[in-house]
>>> print(open('work-v9.cif').read())   # mmCIF, N, CA and C atoms
data_my_file
loop_
_atom_site.label_atom_id
_atom_site.label_comp_id
_atom_site.auth_asym_id
_atom_site.auth_seq_id
_atom_site.Cartn_x
_atom_site.Cartn_y
_atom_site.Cartn_z
N ALA J 1 173.72 30.43 140.37
CA ALA J 1 172.87 31.07 141.37
C ALA J 1 173.02 32.58 141.26
N THR J 2 171.93 33.26 141.37
CA THR J 2 171.97 34.72 141.35
C THR J 2 171.23 35.26 142.55
N SER J 3 171.61 36.45 142.97
CA SER J 3 170.94 37.10 144.08
C SER J 3 169.57 37.59 143.63
N THR J 4 168.60 37.49 144.51
CA THR J 4 167.26 37.97 144.19
C THR J 4 166.95 39.26 144.92
N GLY J 5 167.51 39.47 146.11
CA GLY J 5 167.28 40.68 146.87
C GLY J 5 165.94 40.75 147.57
N GLY J 6 165.02 39.81 147.33
CA GLY J 6 163.69 39.89 147.92
C GLY J 6 163.37 38.70 148.79
N VAL J 7 164.23 38.40 149.75
CA VAL J 7 164.03 37.24 150.62
C VAL J 7 162.96 37.58 151.65
N TYR J 8 162.01 36.67 151.84
CA TYR J 8 161.00 36.89 152.87
C TYR J 8 160.66 35.58 153.57
N ILE J 9 160.03 35.71 154.73
CA ILE J 9 159.68 34.56 155.56
C ILE J 9 158.18 34.58 155.80
N GLU J 10 157.56 33.41 155.76
CA GLU J 10 156.13 33.31 156.01
C GLU J 10 155.85 32.12 156.92
N ALA J 11 154.69 32.16 157.57
CA ALA J 11 154.29 31.11 158.50
C ALA J 11 153.05 30.38 157.97
N SER J 12 153.00 29.07 158.21
CA SER J 12 151.81 28.27 157.93
C SER J 12 151.61 27.31 159.10
N GLY J 13 150.44 26.70 159.16
CA GLY J 13 150.12 25.89 160.33
C GLY J 13 149.52 26.78 161.40
N SER J 14 149.52 26.30 162.62
CA SER J 14 148.91 27.08 163.71
C SER J 14 149.98 27.63 164.64
N LEU J 15 149.56 28.53 165.51
CA LEU J 15 150.44 29.10 166.54
C LEU J 15 150.28 28.35 167.87
N SER J 16 149.68 27.16 167.81
CA SER J 16 149.42 26.37 169.01
C SER J 16 150.70 25.67 169.48
N ILE J 17 151.06 25.92 170.74
CA ILE J 17 152.21 25.25 171.35
C ILE J 17 151.95 23.75 171.43
N ASN J 18 150.72 23.37 171.79
CA ASN J 18 150.39 21.95 171.94
C ASN J 18 150.42 21.21 170.60
N ALA J 19 149.93 21.83 169.54
CA ALA J 19 149.92 21.18 168.22
C ALA J 19 151.33 21.12 167.63
N ASP J 20 152.15 22.12 167.89
CA ASP J 20 153.54 22.21 167.41
C ASP J 20 153.62 21.93 165.90
N ASP J 21 152.68 22.52 165.15
CA ASP J 21 152.63 22.28 163.70
C ASP J 21 153.00 23.51 162.86
N LEU J 22 153.57 24.53 163.50
CA LEU J 22 153.98 25.73 162.79
C LEU J 22 155.15 25.41 161.86
N VAL J 23 155.08 25.93 160.64
CA VAL J 23 156.16 25.81 159.66
C VAL J 23 156.53 27.21 159.21
N LEU J 24 157.81 27.54 159.29
CA LEU J 24 158.33 28.81 158.78
C LEU J 24 159.03 28.50 157.46
N THR J 25 158.66 29.23 156.42
CA THR J 25 159.22 29.00 155.09
C THR J 25 159.89 30.27 154.60
N VAL J 26 161.10 30.13 154.10
CA VAL J 26 161.87 31.24 153.54
C VAL J 26 161.78 31.11 152.03
N LEU J 27 161.43 32.22 151.38
CA LEU J 27 161.26 32.25 149.93
C LEU J 27 162.05 33.40 149.33
N GLY J 28 162.39 33.28 148.07
CA GLY J 28 163.01 34.38 147.35
C GLY J 28 164.51 34.51 147.53
N GLY J 29 165.14 33.53 148.17
CA GLY J 29 166.59 33.59 148.36
C GLY J 29 167.32 33.02 147.17
N PRO J 30 168.64 33.08 147.20
CA PRO J 30 169.41 32.45 146.13
C PRO J 30 169.30 30.93 146.23
N GLY J 31 169.30 30.27 145.10
CA GLY J 31 169.17 28.82 145.07
C GLY J 31 170.43 28.12 145.51
N ASN J 32 170.22 26.93 146.12
CA ASN J 32 171.31 26.04 146.50
C ASN J 32 172.35 26.70 147.42
N GLN J 33 171.87 27.43 148.39
CA GLN J 33 172.73 28.07 149.39
C GLN J 33 172.21 27.70 150.78
N PHE J 34 173.08 27.78 151.77
CA PHE J 34 172.66 27.51 153.14
C PHE J 34 172.11 28.77 153.79
N GLY J 35 171.16 28.56 154.68
CA GLY J 35 170.59 29.65 155.46
C GLY J 35 170.10 29.12 156.78
N LEU J 36 169.69 30.02 157.65
CA LEU J 36 169.11 29.62 158.92
C LEU J 36 168.11 30.65 159.37
N ILE J 37 167.17 30.18 160.18
CA ILE J 37 166.16 31.05 160.78
C ILE J 37 166.57 31.30 162.21
N PHE J 38 166.45 32.56 162.64
CA PHE J 38 166.72 32.90 164.04
C PHE J 38 165.54 33.67 164.60
N MET J 39 165.47 33.72 165.92
CA MET J 39 164.37 34.42 166.58
C MET J 39 164.92 35.22 167.76
N GLY J 40 164.18 36.25 168.12
CA GLY J 40 164.55 37.08 169.25
C GLY J 40 163.31 37.63 169.93
N PRO J 41 163.48 38.18 171.13
CA PRO J 41 162.34 38.63 171.93
C PRO J 41 161.76 39.96 171.52
N GLY J 42 162.44 40.71 170.67
CA GLY J 42 161.94 42.03 170.30
C GLY J 42 162.43 42.45 168.94
N LEU J 43 161.99 43.64 168.55
CA LEU J 43 162.44 44.24 167.31
C LEU J 43 163.31 45.44 167.65
N GLN J 44 164.17 45.81 166.74
CA GLN J 44 165.06 46.95 166.94
C GLN J 44 165.13 47.73 165.64
N GLY J 45 165.71 48.93 165.73
CA GLY J 45 165.99 49.67 164.51
C GLY J 45 166.92 48.84 163.66
N PRO J 46 166.78 48.86 162.35
CA PRO J 46 167.57 47.97 161.52
C PRO J 46 169.07 48.17 161.67
N VAL J 47 169.79 47.04 161.70
CA VAL J 47 171.25 47.01 161.79
C VAL J 47 171.75 46.30 160.54
N GLN J 48 172.66 46.93 159.80
CA GLN J 48 173.16 46.29 158.59
C GLN J 48 173.93 45.03 158.93
N LEU J 49 173.62 43.96 158.18
CA LEU J 49 174.31 42.69 158.30
C LEU J 49 174.37 42.11 156.90
N GLY J 50 175.56 41.96 156.35
CA GLY J 50 175.69 41.52 154.97
C GLY J 50 175.02 42.53 154.07
N ASP J 51 174.22 42.03 153.13
CA ASP J 51 173.49 42.91 152.22
C ASP J 51 172.09 43.24 152.74
N GLY J 52 171.81 42.88 153.98
CA GLY J 52 170.47 43.08 154.52
C GLY J 52 170.46 43.88 155.80
N LEU J 53 169.28 43.90 156.42
CA LEU J 53 169.08 44.62 157.68
C LEU J 53 168.50 43.66 158.72
N ARG J 54 169.19 43.56 159.85
CA ARG J 54 168.68 42.73 160.95
C ARG J 54 167.74 43.59 161.76
N CYS J 55 166.50 43.12 161.89
CA CYS J 55 165.46 43.84 162.62
C CYS J 55 165.10 43.17 163.94
N VAL J 56 165.54 41.93 164.13
CA VAL J 56 165.23 41.17 165.34
C VAL J 56 166.29 41.47 166.38
N ALA J 57 165.83 41.82 167.58
CA ALA J 57 166.73 42.20 168.67
C ALA J 57 167.29 40.98 169.40
N ALA J 58 168.50 41.10 169.87
CA ALA J 58 169.16 40.06 170.66
C ALA J 58 168.56 40.02 172.06
N PRO J 59 168.72 38.90 172.77
CA PRO J 59 169.52 37.73 172.41
C PRO J 59 168.82 36.90 171.35
N LEU J 60 169.61 36.39 170.41
CA LEU J 60 169.09 35.62 169.29
C LEU J 60 169.22 34.13 169.57
N LEU J 61 168.20 33.40 169.20
CA LEU J 61 168.21 31.94 169.26
C LEU J 61 168.05 31.45 167.83
N ARG J 62 168.86 30.46 167.44
CA ARG J 62 168.81 30.06 166.04
C ARG J 62 168.46 28.59 165.87
N PHE J 63 167.86 28.33 164.73
CA PHE J 63 167.55 26.97 164.31
C PHE J 63 168.69 26.49 163.42
N PRO J 64 168.77 25.19 163.14
CA PRO J 64 169.89 24.67 162.35
C PRO J 64 169.95 25.25 160.94
N ALA J 65 171.15 25.28 160.38
CA ALA J 65 171.34 25.70 158.99
C ALA J 65 170.69 24.67 158.08
N ARG J 66 170.08 25.16 157.02
CA ARG J 66 169.39 24.31 156.04
C ARG J 66 169.79 24.75 154.64
N PRO J 67 169.84 23.82 153.69
CA PRO J 67 170.09 24.21 152.31
C PRO J 67 168.79 24.64 151.63
N SER J 68 168.89 25.65 150.80
CA SER J 68 167.73 26.04 149.99
C SER J 68 167.68 25.15 148.75
N ASN J 69 166.50 25.06 148.16
CA ASN J 69 166.39 24.32 146.90
C ASN J 69 166.81 25.24 145.75
N ALA J 70 166.68 24.77 144.53
CA ALA J 70 167.11 25.55 143.37
C ALA J 70 166.35 26.86 143.24
N GLN J 71 165.13 26.92 143.80
CA GLN J 71 164.33 28.14 143.75
C GLN J 71 164.59 29.08 144.93
N GLY J 72 165.50 28.72 145.82
CA GLY J 72 165.83 29.58 146.95
C GLY J 72 164.87 29.49 148.12
N THR J 73 164.22 28.34 148.29
CA THR J 73 163.22 28.14 149.35
C THR J 73 163.69 27.05 150.30
N TRP J 74 163.41 27.24 151.59
CA TRP J 74 163.59 26.18 152.58
C TRP J 74 162.64 26.43 153.73
N SER J 75 162.42 25.38 154.55
CA SER J 75 161.47 25.47 155.66
C SER J 75 162.08 24.95 156.95
N GLU J 76 161.50 25.42 158.05
CA GLU J 76 161.82 24.94 159.40
C GLU J 76 160.50 24.58 160.05
N GLY J 77 160.36 23.36 160.53
CA GLY J 77 159.15 22.91 161.19
C GLY J 77 158.44 21.89 160.32
N PRO J 78 157.38 21.26 160.84
CA PRO J 78 156.86 21.45 162.20
C PRO J 78 157.85 20.93 163.24
N GLY J 79 157.53 21.20 164.49
CA GLY J 79 158.38 20.76 165.59
C GLY J 79 159.26 21.84 166.17
N LEU J 80 158.90 23.12 165.97
CA LEU J 80 159.72 24.21 166.52
C LEU J 80 159.74 24.19 168.05
N VAL J 81 158.61 23.87 168.68
CA VAL J 81 158.56 23.82 170.14
C VAL J 81 159.41 22.66 170.65
N ALA J 82 159.29 21.50 170.01
CA ALA J 82 160.09 20.34 170.42
C ALA J 82 161.58 20.66 170.26
N TYR J 83 161.96 21.31 169.17
CA TYR J 83 163.36 21.68 168.99
C TYR J 83 163.81 22.64 170.10
N GLY J 84 162.97 23.61 170.42
CA GLY J 84 163.30 24.57 171.48
C GLY J 84 163.51 23.89 172.83
N ASN J 85 162.72 22.84 173.11
CA ASN J 85 162.89 22.10 174.37
C ASN J 85 164.26 21.44 174.45
N LEU J 86 164.82 21.06 173.32
CA LEU J 86 166.12 20.40 173.29
C LEU J 86 167.30 21.37 173.17
N ALA J 87 167.12 22.44 172.41
CA ALA J 87 168.26 23.27 172.02
C ALA J 87 168.36 24.63 172.70
N PHE J 88 167.25 25.20 173.15
CA PHE J 88 167.29 26.54 173.73
C PHE J 88 167.48 26.45 175.24
N PRO J 89 168.10 27.47 175.83
CA PRO J 89 168.28 27.45 177.29
C PRO J 89 166.94 27.34 178.00
N PRO J 90 166.86 26.51 179.05
CA PRO J 90 165.59 26.37 179.78
C PRO J 90 165.22 27.65 180.50
N PRO J 91 163.95 27.90 180.68
CA PRO J 91 162.84 27.17 180.08
C PRO J 91 162.69 27.55 178.62
N ASN J 92 162.13 26.64 177.83
CA ASN J 92 161.92 26.92 176.40
C ASN J 92 161.12 28.21 176.27
N PRO J 93 161.62 29.18 175.53
CA PRO J 93 160.91 30.45 175.41
C PRO J 93 159.64 30.39 174.57
N LEU J 94 159.48 29.34 173.77
CA LEU J 94 158.27 29.21 172.95
C LEU J 94 157.16 28.65 173.83
N MET J 95 156.40 29.57 174.43
CA MET J 95 155.32 29.18 175.33
C MET J 95 154.08 30.00 175.03
N SER J 96 152.96 29.52 175.48
CA SER J 96 151.68 30.18 175.25
C SER J 96 151.73 31.62 175.76
N GLY J 97 151.30 32.55 174.92
CA GLY J 97 151.27 33.97 175.29
C GLY J 97 152.53 34.72 174.94
N SER J 98 153.59 34.02 174.55
CA SER J 98 154.84 34.70 174.22
C SER J 98 154.83 35.16 172.76
N THR J 99 155.44 36.32 172.53
CA THR J 99 155.60 36.84 171.17
C THR J 99 157.07 36.79 170.81
N TRP J 100 157.36 36.21 169.67
CA TRP J 100 158.73 36.11 169.18
C TRP J 100 158.79 36.63 167.76
N HIS J 101 159.96 37.10 167.40
CA HIS J 101 160.19 37.71 166.09
C HIS J 101 161.21 36.86 165.35
N PHE J 102 160.92 36.53 164.11
CA PHE J 102 161.72 35.60 163.32
C PHE J 102 162.27 36.30 162.09
N GLN J 103 163.47 35.90 161.71
CA GLN J 103 164.10 36.42 160.51
C GLN J 103 165.04 35.33 159.99
N ALA J 104 165.34 35.35 158.71
CA ALA J 104 166.24 34.35 158.12
C ALA J 104 167.50 35.04 157.59
N TRP J 105 168.60 34.34 157.74
CA TRP J 105 169.89 34.74 157.16
C TRP J 105 170.23 33.71 156.10
N THR J 106 170.73 34.16 154.97
CA THR J 106 171.12 33.24 153.91
C THR J 106 172.44 33.65 153.28
N ARG J 107 173.22 32.66 152.89
CA ARG J 107 174.40 32.93 152.08
C ARG J 107 173.92 33.51 150.76
N ASP J 108 174.63 34.49 150.25
CA ASP J 108 174.25 35.13 148.98
C ASP J 108 175.52 35.59 148.28
N PRO J 109 176.26 34.64 147.67
CA PRO J 109 177.56 34.98 147.09
C PRO J 109 177.49 35.96 145.93
N PHE J 110 176.30 36.18 145.37
CA PHE J 110 176.17 37.10 144.24
C PHE J 110 175.36 38.33 144.61
N GLY J 111 175.33 38.68 145.92
CA GLY J 111 174.56 39.83 146.40
C GLY J 111 175.04 41.15 145.81
N PRO J 112 174.18 42.14 145.81
CA PRO J 112 174.48 43.41 145.17
C PRO J 112 175.62 44.20 145.81
N CYS J 113 175.90 43.96 147.07
CA CYS J 113 176.94 44.73 147.76
C CYS J 113 178.18 43.89 148.05
N SER J 114 178.23 42.68 147.51
CA SER J 114 179.38 41.78 147.66
C SER J 114 179.71 41.43 149.10
N ASN J 115 178.68 41.32 149.95
CA ASN J 115 178.89 40.95 151.35
C ASN J 115 178.63 39.47 151.61
N PHE J 116 178.20 38.73 150.59
CA PHE J 116 178.06 37.28 150.63
C PHE J 116 176.95 36.75 151.52
N SER J 117 176.09 37.59 152.03
CA SER J 117 174.94 37.11 152.79
C SER J 117 173.83 38.16 152.73
N ASN J 118 172.61 37.71 153.07
CA ASN J 118 171.46 38.60 153.06
C ASN J 118 170.49 38.16 154.14
N LEU J 119 169.52 38.99 154.43
CA LEU J 119 168.51 38.71 155.44
C LEU J 119 167.12 38.82 154.83
N SER J 120 166.20 38.09 155.42
CA SER J 120 164.79 38.15 155.00
C SER J 120 164.08 39.30 155.70
N SER J 121 162.83 39.45 155.35
CA SER J 121 161.94 40.29 156.13
C SER J 121 161.80 39.66 157.51
N ALA J 122 161.19 40.38 158.46
CA ALA J 122 160.96 39.84 159.80
C ALA J 122 159.48 39.48 159.95
N LEU J 123 159.22 38.55 160.87
CA LEU J 123 157.87 38.07 161.11
C LEU J 123 157.65 37.99 162.61
N SER J 124 156.57 38.57 163.13
CA SER J 124 156.25 38.53 164.56
C SER J 124 155.06 37.60 164.79
N LEU J 125 155.21 36.68 165.76
CA LEU J 125 154.18 35.69 166.04
C LEU J 125 153.92 35.58 167.53
N THR J 126 152.66 35.52 167.93
CA THR J 126 152.28 35.31 169.32
C THR J 126 151.67 33.91 169.44
N PHE J 127 152.25 33.12 170.33
CA PHE J 127 151.88 31.72 170.47
C PHE J 127 150.67 31.55 171.41
N GLU J 128 149.93 30.46 171.16
CA GLU J 128 148.71 30.13 171.90
C GLU J 128 148.88 28.75 172.57
N PRO J 129 147.96 28.39 173.47
CA PRO J 129 148.06 27.07 174.10
C PRO J 129 148.01 25.93 173.09
#
>>> encode(input="work-v9.cif", output="structure tokens")
Amino acid sequence: ATSTGGVYIEASGSLSINADDLVLTVLGGPGNQFGLIFMGPGLQGPVQLGDGLRCVAAPLLRFPARPSNAQGTWSEGPGLVAYGNLAFPPPNPLMSGSTWHFQAWTRDPFGPCSNFSNLSSALSLTFEP
């Protein structure tokens, strides 16, 4: 596995809370490593974390850790709203009209700065009914 340095996150599906079919996919990470997607209510000036910059402001809510495939890709969803109903403090923050910011953290044992982890780009999404 080698570090790529260009980890990013993208969304597919809809932003409908009722459909709950949104999928967040992380691409460009190191292969066969664990990572997780987290979300927060706002953005902040970048804060160094590992070999990357955290742009999502606390308080942070996270989804379960997932392994990447050999190409450094993994996904979360569909079912983000259903997961939030079970795992996030009530009331579930993923509701119609809310804007949340998402970013991924990944293990990166071969990163350029030897910090053993990296972060993706950030993604801002506003949910609909």
>>> select_by_dssp(input="work-v9.cif", residues="chain J", states="helix (DSSP H, G or I)", output="list in words")
Leu80, Val81, Ala82, Tyr83, Gly84, Asn85, Leu86 and Ala87 of chain J
>>> atom_distance(input="work-v9.cif", atom1="atom CA of J:Gly31", atom2="atom CA of J:Leu49")
19.8 Å
>>> resolve_selection(input="work-v9.cif", expression="the PyMOL selection byres ((chain J and resi 33-42) around 5)", output="list in words")
Pro30, Gly31, Asn32, Leu43, Gln44, Val56, Ala57, Pro59, Leu60, Leu61, Arg62, Phe63, Pro64, Ala65, Arg66, Pro67, Ser68, Trp100, His101, Phe102, Gln103, Ala104, Trp105, Thr106 and Arg107 of chain J
>>> atom_distance(input="work-v9.cif", atom1="atom CA of J:Trp74", atom2="atom C of J:Leu24")
7.1 Å
>>> atom_distance(input="work-v9.cif", atom1="atom N of J:Phe110", atom2="atom N of J:Gly50")
12.4 Å
>>> residues_around(input="work-v9.cif", residues="stretch 5-17 of chain J", least_positions_apart="3", cutoff="10 Å", atoms="only C-alpha atoms", output="compact mmCIF listing (two decimals) with N, CA and C atoms, keeping the file's coordinate frame")
# COMPACT_ATOMS: atom_id res chain seq x y z
N THR J 2 171.93 33.26 141.37
CA THR J 2 171.97 34.72 141.35
C THR J 2 171.23 35.26 142.55
N ASP J 20 152.15 22.12 167.89
CA ASP J 20 153.54 22.21 167.41
C ASP J 20 153.62 21.93 165.90
N ASP J 21 152.68 22.52 165.15
CA ASP J 21 152.63 22.28 163.70
C ASP J 21 153.00 23.51 162.86
N LEU J 22 153.57 24.53 163.50
CA LEU J 22 153.98 25.73 162.79
C LEU J 22 155.15 25.41 161.86
N VAL J 23 155.08 25.93 160.64
CA VAL J 23 156.16 25.81 159.66
C VAL J 23 156.53 27.21 159.21
N LEU J 24 157.81 27.54 159.29
CA LEU J 24 158.33 28.81 158.78
C LEU J 24 159.03 28.50 157.46
N THR J 25 158.66 29.23 156.42
CA THR J 25 159.22 29.00 155.09
C THR J 25 159.89 30.27 154.60
N VAL J 26 161.10 30.13 154.10
CA VAL J 26 161.87 31.24 153.54
C VAL J 26 161.78 31.11 152.03
N LEU J 27 161.43 32.22 151.38
CA LEU J 27 161.26 32.25 149.93
C LEU J 27 162.05 33.40 149.33
N GLY J 28 162.39 33.28 148.07
CA GLY J 28 163.01 34.38 147.35
C GLY J 28 164.51 34.51 147.53
N GLY J 29 165.14 33.53 148.17
CA GLY J 29 166.59 33.59 148.36
C GLY J 29 167.32 33.02 147.17
N PRO J 30 168.64 33.08 147.20
CA PRO J 30 169.41 32.45 146.13
C PRO J 30 169.30 30.93 146.23
N ILE J 37 167.17 30.18 160.18
CA ILE J 37 166.16 31.05 160.78
C ILE J 37 166.57 31.30 162.21
N ASP J 51 174.22 42.03 153.13
CA ASP J 51 173.49 42.91 152.22
C ASP J 51 172.09 43.24 152.74
N GLY J 52 171.81 42.88 153.98
CA GLY J 52 170.47 43.08 154.52
C GLY J 52 170.46 43.88 155.80
N GLY J 72 165.50 28.72 145.82
CA GLY J 72 165.83 29.58 146.95
C GLY J 72 164.87 29.49 148.12
N THR J 73 164.22 28.34 148.29
CA THR J 73 163.22 28.14 149.35
C THR J 73 163.69 27.05 150.30
N TRP J 74 163.41 27.24 151.59
CA TRP J 74 163.59 26.18 152.58
C TRP J 74 162.64 26.43 153.73
N SER J 75 162.42 25.38 154.55
CA SER J 75 161.47 25.47 155.66
C SER J 75 162.08 24.95 156.95
N GLU J 76 161.50 25.42 158.05
CA GLU J 76 161.82 24.94 159.40
C GLU J 76 160.50 24.58 160.05
N GLY J 77 160.36 23.36 160.53
CA GLY J 77 159.15 22.91 161.19
C GLY J 77 158.44 21.89 160.32
N PRO J 78 157.38 21.26 160.84
CA PRO J 78 156.86 21.45 162.20
C PRO J 78 157.85 20.93 163.24
N GLY J 79 157.53 21.20 164.49
CA GLY J 79 158.38 20.76 165.59
C GLY J 79 159.26 21.84 166.17
N LEU J 80 158.90 23.12 165.97
CA LEU J 80 159.72 24.21 166.52
C LEU J 80 159.74 24.19 168.05
N VAL J 81 158.61 23.87 168.68
CA VAL J 81 158.56 23.82 170.14
C VAL J 81 159.41 22.66 170.65
N ALA J 82 159.29 21.50 170.01
CA ALA J 82 160.09 20.34 170.42
C ALA J 82 161.58 20.66 170.26
N LEU J 94 159.48 29.34 173.77
CA LEU J 94 158.27 29.21 172.95
C LEU J 94 157.16 28.65 173.83
N MET J 95 156.40 29.57 174.43
CA MET J 95 155.32 29.18 175.33
C MET J 95 154.08 30.00 175.03
N SER J 96 152.96 29.52 175.48
CA SER J 96 151.68 30.18 175.25
C SER J 96 151.73 31.62 175.76
N GLY J 97 151.30 32.55 174.92
CA GLY J 97 151.27 33.97 175.29
C GLY J 97 152.53 34.72 174.94
N PHE J 102 160.92 36.53 164.11
CA PHE J 102 161.72 35.60 163.32
C PHE J 102 162.27 36.30 162.09
N GLN J 103 163.47 35.90 161.71
CA GLN J 103 164.10 36.42 160.51
C GLN J 103 165.04 35.33 159.99
N ALA J 104 165.34 35.35 158.71
CA ALA J 104 166.24 34.35 158.12
C ALA J 104 167.50 35.04 157.59
N TRP J 105 168.60 34.34 157.74
CA TRP J 105 169.89 34.74 157.16
C TRP J 105 170.23 33.71 156.10
N THR J 106 170.73 34.16 154.97
CA THR J 106 171.12 33.24 153.91
C THR J 106 172.44 33.65 153.28
N ASP J 108 174.63 34.49 150.25
CA ASP J 108 174.25 35.13 148.98
C ASP J 108 175.52 35.59 148.28
N PHE J 110 176.30 36.18 145.37
CA PHE J 110 176.17 37.10 144.24
C PHE J 110 175.36 38.33 144.61
N GLY J 111 175.33 38.68 145.92
CA GLY J 111 174.56 39.83 146.40
C GLY J 111 175.04 41.15 145.81
N PRO J 112 174.18 42.14 145.81
CA PRO J 112 174.48 43.41 145.17
C PRO J 112 175.62 44.20 145.81
N ASN J 118 172.61 37.71 153.07
CA ASN J 118 171.46 38.60 153.06
C ASN J 118 170.49 38.16 154.14
N LEU J 119 169.52 38.99 154.43
CA LEU J 119 168.51 38.71 155.44
C LEU J 119 167.12 38.82 154.83
N SER J 120 166.20 38.09 155.42
CA SER J 120 164.79 38.15 155.00
C SER J 120 164.08 39.30 155.70
N SER J 121 162.83 39.45 155.35
CA SER J 121 161.94 40.29 156.13
C SER J 121 161.80 39.66 157.51
N ALA J 122 161.19 40.38 158.46
CA ALA J 122 160.96 39.84 159.80
C ALA J 122 159.48 39.48 159.95
N LEU J 123 159.22 38.55 160.87
CA LEU J 123 157.87 38.07 161.11
C LEU J 123 157.65 37.99 162.61
N SER J 124 156.57 38.57 163.13
CA SER J 124 156.25 38.53 164.56
C SER J 124 155.06 37.60 164.79
N LEU J 125 155.21 36.68 165.76
CA LEU J 125 154.18 35.69 166.04
C LEU J 125 153.92 35.58 167.53
N THR J 126 152.66 35.52 167.93
CA THR J 126 152.28 35.31 169.32
C THR J 126 151.67 33.91 169.44
N PHE J 127 152.25 33.12 170.33
CA PHE J 127 151.88 31.72 170.47
C PHE J 127 150.67 31.55 171.41
N GLU J 128 149.93 30.46 171.16
CA GLU J 128 148.71 30.13 171.90
C GLU J 128 148.88 28.75 172.57
N PRO J 129 147.96 28.39 173.47
CA PRO J 129 148.06 27.07 174.10
C PRO J 129 148.01 25.93 173.09
>>> select_by_dssp(input="work-v9.cif", residues="stretch 46-119 of chain J", states="strand (DSSP E or B)", output="ChimeraX atom specification")
/J:46-49,52-57,61-62,66-67,74-76,99-107,117-119
